[in-house]
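Peer 1: Questions regarding the structure given below will be posed in turn.
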Amino acid sequence: MKPLIGVTSDMDKNGDMLVQSRYIRAIRRAGGVPVILPVGMYGIEDICGRLDGLLLIGGEDVDPILYGEEPHEKLGKVVPERDEMELALVNSMIDQDKPVLAICRGHQLLNVAFGGTLYQDIHAQMSGDLFQHLQLKDLKFATHTVDIVPDSKLAQIAGTSEIRVNSLHHQAVKDVKSPLVVTAVAKDGMIEALESTAHRFVVGLQWHPEAMADRQDTMAIKLFEEFIEAATD
Ligand code: MN
């Protein structure tokens, strides 16, 4: 049986469910069956008992109240009911040690779920010359490099110390709490990947491999394959 992968979703301006189809394509290509979870879904514990893996997709900013901060003036739109549901999903999945792949906003939410904090706006709150992390070219194309931390799961998957990634974020991970560790950093200091040292497969990626997988990017495809493989065990 193919593994069931819960996929979080966004809301459009009418409050209706929205999931970019590139996430679905990436899961399908890797051999998983997506189960889309609308904001406001109930029965989270029952659902997580049946799911084999969880994909947290991109979207709005995470509410800073969840990491004990007041809202910075550059904070973007926040959807509290989505935050609440996704935290419940993450907590249930990690309690059962089921695989979680967390992308962009998902990666940031994952960090908050483990007690970490975020930069609410990288340009307002980080020092030094930052790269363009809100890329203007199509998201299928890489824009900056990241250095991968040796001996990490990510290093194992990449088989190399540096990869090229796309970038579409104005927030970023700030403080990281154990058992999460940083596994990739851009050359301007931006934290671009996380993983848990205490779980089988809990991986956060600031970039969007699901968009790069559409261009047959080997690393992007491999990331989804490893996730689905872990969910198949
Ligand atoms: Mn970036």
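Residue numbering restarts at 1 for every chain of the structure tokens, chains are lettered A, B, ... in their displayed order, and ligands are numbered from 1 as they appear.
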Sort by chain and increasing residue number a table of all residues of chain A within 10 Å of ligand 1, each with its closest pair of atoms and their distance in Å to one decimal, counting only C-alpha atoms and all ligand atoms, and write it as a Markdown table.

Peer 2:
```
| residue | atom | partner | partner_atom_place_in_ligand_line | distance |
| --- | --- | --- | --- | --- |
| A:Cys104 | CA | ligand 1 | 1 (Mn) | 9.1 |
| A:Leu130 | CA | ligand 1 | 1 (Mn) | 9.6 |
| A:Phe131 | CA | ligand 1 | 1 (Mn) | 7.7 |
| A:Gln132 | CA | ligand 1 | 1 (Mn) | 7.6 |
| A:His133 | CA | ligand 1 | 1 (Mn) | 4.5 |
| A:Leu134 | CA | ligand 1 | 1 (Mn) | 7.6 |
| A:Gln135 | CA | ligand 1 | 1 (Mn) | 8.6 |
| A:Ala142 | CA | ligand 1 | 1 (Mn) | 9.9 |
| A:Thr143 | CA | ligand 1 | 1 (Mn) | 8.3 |
| A:His144 | CA | ligand 1 | 1 (Mn) | 7.0 |
| A:Thr145 | CA | ligand 1 | 1 (Mn) | 8.6 |
| A:Val146 | CA | ligand 1 | 1 (Mn) | 8.4 |
| A:Val165 | CA | ligand 1 | 1 (Mn) | 7.5 |
| A:Asn166 | CA | ligand 1 | 1 (Mn) | 6.7 |
| A:Ser167 | CA | ligand 1 | 1 (Mn) | 4.2 |
| A:Leu168 | CA | ligand 1 | 1 (Mn) | 6.4 |
| A:His169 | CA | ligand 1 | 1 (Mn) | 6.5 |
| A:His170 | CA | ligand 1 | 1 (Mn) | 8.6 |
| A:Gln171 | CA | ligand 1 | 1 (Mn) | 9.4 |
| A:Ala172 | CA | ligand 1 | 1 (Mn) | 8.4 |
| A:Val185 | CA | ligand 1 | 1 (Mn) | 8.9 |
| A:Ala186 | CA | ligand 1 | 1 (Mn) | 7.0 |
| A:Lys187 | CA | ligand 1 | 1 (Mn) | 9.9 |
| A:Asp188 | CA | ligand 1 | 1 (Mn) | 9.4 |
| A:Gly189 | CA | ligand 1 | 1 (Mn) | 9.9 |
| A:Met190 | CA | ligand 1 | 1 (Mn) | 6.8 |
| A:Ile191 | CA | ligand 1 | 1 (Mn) | 8.0 |
| A:Glu192 | CA | ligand 1 | 1 (Mn) | 6.3 |
| A:Ala193 | CA | ligand 1 | 1 (Mn) | 9.8 |
| A:Leu205 | CA | ligand 1 | 1 (Mn) | 9.5 |
| A:Gln206 | CA | ligand 1 | 1 (Mn) | 6.3 |
| A:Trp207 | CA | ligand 1 | 1 (Mn) | 6.1 |
| A:His208 | CA | ligand 1 | 1 (Mn) | 9.5 |
```

Peer 1: Write a file of the selected residues as a compact mmCIF listing (two decimals), in the first residue's frame, keeping C-alpha atoms.

Peer 2:
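result39.txt was written with the following content:
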```txt
# COMPACT_ATOMS: atom_id res chain seq x y z
CA CYS A 104 8.90 27.32 3.69
CA LEU A 130 21.09 39.87 2.60
CA PHE A 131 20.51 38.07 -0.67
CA GLN A 132 17.28 38.35 -2.61
CA HIS A 133 15.19 35.76 -0.79
CA LEU A 134 11.96 36.84 -2.50
CA GLN A 135 13.11 35.81 -5.93
CA ALA A 142 17.35 28.06 -8.23
CA THR A 143 18.53 31.46 -7.06
CA HIS A 144 21.07 31.12 -4.20
CA THR A 145 23.31 28.40 -2.80
CA VAL A 146 23.19 26.79 0.63
CA VAL A 165 17.91 26.36 -4.12
CA ASN A 166 15.06 28.71 -4.93
CA SER A 167 13.88 31.28 -2.41
CA LEU A 168 10.55 32.92 -1.62
CA HIS A 169 10.42 34.08 1.98
CA HIS A 170 10.56 37.30 4.00
CA GLN A 171 10.65 35.51 7.34
CA ALA A 172 13.26 33.04 8.57
CA VAL A 185 22.79 27.89 5.77
CA ALA A 186 22.92 30.42 2.92
CA LYS A 187 26.12 32.45 2.53
CA ASP A 188 24.40 35.53 4.00
CA GLY A 189 23.74 33.61 7.23
CA MET A 190 20.12 32.65 6.53
CA ILE A 191 19.07 29.35 8.10
CA GLU A 192 17.66 27.31 5.22
CA ALA A 193 17.12 23.80 6.61
CA LEU A 205 13.36 23.33 4.18
CA GLN A 206 13.14 27.07 3.70
CA TRP A 207 13.14 26.62 -0.08
CA HIS A 208 10.54 25.03 -2.37
```

Peer 1: Write out as number ranges by chain all residues of range 39-229 of chain A that DSSP puts in helix (DSSP H, G or I) for this structure's backbone.

Peer 2: A: 44-50, 64-67, 80-95, 105-113, 122-125, 153-158, 209-215, 218-229

Peer 1: Restricting the calculation to only C-alpha atoms: of A:Val112, A:Val203, A:Ala220, A:Asp121, which residue gets closest to Asp175 in chain A?

Peer 2: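 Under the stated criterion, the closest residue is A:Val112.
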
Peer 1: Name all residues at most 8 Å from Ile148 in chain A (count only C-alpha atoms; drop same-chain ones fewer than 3 positions away) and give them as a list in words.

Peer 2: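 The filter keeps Leu154, Ala155, Thr160, Ser161, Glu162, Ile163, Thr183, Ala184 and Val185 of chain A.
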